[in-house]
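Worksheet: one structure, shown below.
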Amino acid sequence: MHVYSMVRPKKLSAIPDAIARAERLGYDGTTLLELTVPPTLSAAAGAMVTEKIKMMTGVFVAFPRSPMATAYDAWSLNELSGGRFQLGIGSQIKAHLTRRFGMDFQPPVRRMKDYINALRAIWDCWQNGTRLDYDGIYYKHNLMIPYYNPGPLESGFPEIHLAAINKYMCRLCGELADGHLPGDPITWKWHEEVMLPNLEIGLERSGRKLKDLDLGGYGFIGCATSDAGIDKVVKGLKERVALYASTPEYKEMLSMHGWTVSQEDFAAMTRENKWEEMGNLVTDEMLEAYAVIAKPDALPGALKKRYGGKVNRIQIDETWFEGLTDEQVGNLVTEIKKI
């Protein structure tokens with residue numbers, strides 16, 4: 001199994017050391033978040049100080065950028081890294097697109113399909129010399145003169161990994177993407193009963209099987225060296241699960257488990273600004289559905305039970321690690337890669 005490190009520093013200046021550390025500890029790749037630093041900048045910073053580790057944007061918010069702008073970024077990063085760049089893209093929710101990025105909101109699945117097709121048409125022009133004449137629903141690209149054509153790459157097209165949680169985006173992922181990014185706040189039941197069947201529907205459209213898609217791991221992973229550390233991780237993850245559970249997007253996921261607590265219960269507490277208290281609504285049973293938490297000696301076995309034979313790649317966010325040295329983290333990565 002491939003193991004990725006989630007990299008989340010708030011300053012670009014901290015990124016090179018974080019990615020270089022991940023490479024030293026034996027991670028196969030890094031997942032570069034779009035929080036306060038554009039993940040394409042993070043990938044550029046990491047590519048210049050590493051030699052083997054892959055760098056995936058997880059995720060790069062697609063719609064505020066045109067396909068042409070994204071195509072140039074991804075192409076340049078794949079060249080700089082020697083083929084180690086993976087473009088993980090997502091649609092983002094309406095509130096962030098309209099109120100933070102100042103963009104119009106369009107039907108996300110249909111728009112994402114157009115976006116990915118546009119990217120590949122642009123790359124085909126650069127790699128194979130085809131005439132650029134893409135005429136989509138939302139995007140049209142029909143001008144490419146030699147001065148602006150970067151030319152072919154020895155590494156070829158960057159991989160596209162699509163963030164998909166709900167069924168229609170999962171179908172699109174199966175149809176068009178190289179890999180699947182399920183996101184963190186996903187339960188095992190949602191993954192197996194909603195995601196996988198719909199990924200397979202999309203894969204059938206493109207004449208592929210589940211084995212042809214790079215499947216990412218879902219849910220949270222926590223680890224601590226002491227009981228007190230485990231308690232701290234549990235408390236923090238319950239608060240994180242509660243935050244996501246308060247949003248309408250996760251209403252159906254909560255309902256399918258038959259839990260007595262509902263999305264509205266969490267949402268009501270957000271309206272009262274009870275951000276920490278709402279973590280108390282997350283039961284141990286709920287947390288177990290969302291997370292794997294164990295001490296270092298037990299973590300590889302627990303991860304094998306949850307993910308073994310089901311996904312190709314998991315990501316570790318060391319935010320949820322307590323008391324581990326770099327040596328212990330490196331040993332864990334080595335053991336988890338054997339799953």
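Chain lettering (A, B, ...) mirrors the order of the structure tokens, residue numbering begins at 1 for each chain separately, and ligand numbering begins at 1 in order of display.
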- Using DSSP on the backbone coordinates, identify all residues within stretch 139-336 of chain A classified as alpha helix (DSSP H); present the result as a PyMOL selection string. chain A and resi 167-176+188-190+196-205+227-245+251-257+263-271+284-290+299-307+326-336
- Query: Where in stretch 46-243 of chain A does DSSP assign strand (DSSP E), given as a ChimeraX atom specification?
  - Reply: /A:54-57,60-61,85-90,134-135,140-141,159-163,179-181,214-215,220-224
- Query: Quick one: residues within 8 Å of A:Leu32, only C-alpha atoms counted, chain neighbours fewer than 4 positions away excluded, as a PyMOL selection string?
  - Reply: chain A and resi 6-8+39+42-43+55-59
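Look at A:Lys238: the protein and nucleic acid residues within 9 Å of it, using only C-alpha atoms and passing over chain neighbours fewer than 4 places away, are Val233, Val234, Ala242, Leu243, Met278, Gly279, Asn280, Leu281, Val282, Thr283, Asp284, Met286 and Leu287 of chain A.
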- Query: atom CA of A:Thr325 and atom CA of A:Leu215 are how many Å apart?
  - Reply: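 Atom-to-atom, atom CA of A:Thr325 and atom CA of A:Leu215 are spaced 29.0 Å apart.
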- Item | Surrounding residues of A:Leu181 excluding itself and chain neighbours under 5 positions, 6 Å, only C-alpha atoms, as a list of chain:residue names | A:Leu162, A:Ala163, A:Gly216
Would you save the residues of that selection, restricted to N, CA, C and O atoms, as a PDB file, in the first residue's frame?
```
ATOM      1  N   LEU A 162      -9.512  12.821  -8.934  1.00  0.00           N
ATOM      2  CA  LEU A 162     -10.694  13.641  -8.708  1.00  0.00           C
ATOM      3  C   LEU A 162     -11.273  13.426  -7.317  1.00  0.00           C
ATOM      4  O   LEU A 162     -11.522  12.295  -6.900  1.00  0.00           O
ATOM      5  N   ALA A 163     -11.497  14.516  -6.609  1.00  0.00           N
ATOM      6  CA  ALA A 163     -12.165  14.460  -5.314  1.00  0.00           C
ATOM      7  C   ALA A 163     -13.644  14.202  -5.550  1.00  0.00           C
ATOM      8  O   ALA A 163     -14.317  14.984  -6.244  1.00  0.00           O
ATOM      9  N   GLY A 216      -7.961   5.993  -3.282  1.00  0.00           N
ATOM     10  CA  GLY A 216      -7.415   6.592  -2.075  1.00  0.00           C
ATOM     11  C   GLY A 216      -8.155   6.149  -0.836  1.00  0.00           C
ATOM     12  O   GLY A 216      -9.345   5.823  -0.876  1.00  0.00           O
TER      13      GLY A 216
END
```
- May I have the residues within 10 Å of stretch 61-72 of chain A as number ranges by chain, using only C-alpha atoms and disregarding those fewer than 4 positions away in the same chain? A: 33-34, 38-40, 57, 76-78, 87-93, 97-98, 101-106, 108, 111-112, 114-123, 139-141, 148-150, 157-158, 163
- Residue nearest A:Gly309 - candidates A:Met48, A:Glu159, A:Leu210, A:Thr225, atoms counted: only C-alpha atoms: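 Ranking A:Met48, A:Glu159, A:Leu210, A:Thr225 by distance to A:Gly309, first place goes to A:Leu210.
Here the question is which of A:Asp184, A:Asp214, A:Asp231, A:Glu288 gets nearest to A:Ile160 using only C-alpha atoms, and that residue is A:Asp214.
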- How far is it from atom CA of A:Arg306 to atom CA of A:Met1, in Å with one decimal? 12.6 Å
- Between atom CA of A:Ser226 and atom CA of A:Pro296, measure the distance and give it in Å to one decimal.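 Value for the atom CA of A:Ser226-atom CA of A:Pro296 distance: 9.7 Å.
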- Message: Set the distance at 8 Å and use only C-alpha atoms: which residues neighbour A:Leu25 once local chain neighbours fewer than 4 positions away are removed? I'd like the list as an MDAnalysis selection string.
- Response: chainID A and resid 21 326:327 329:330 333
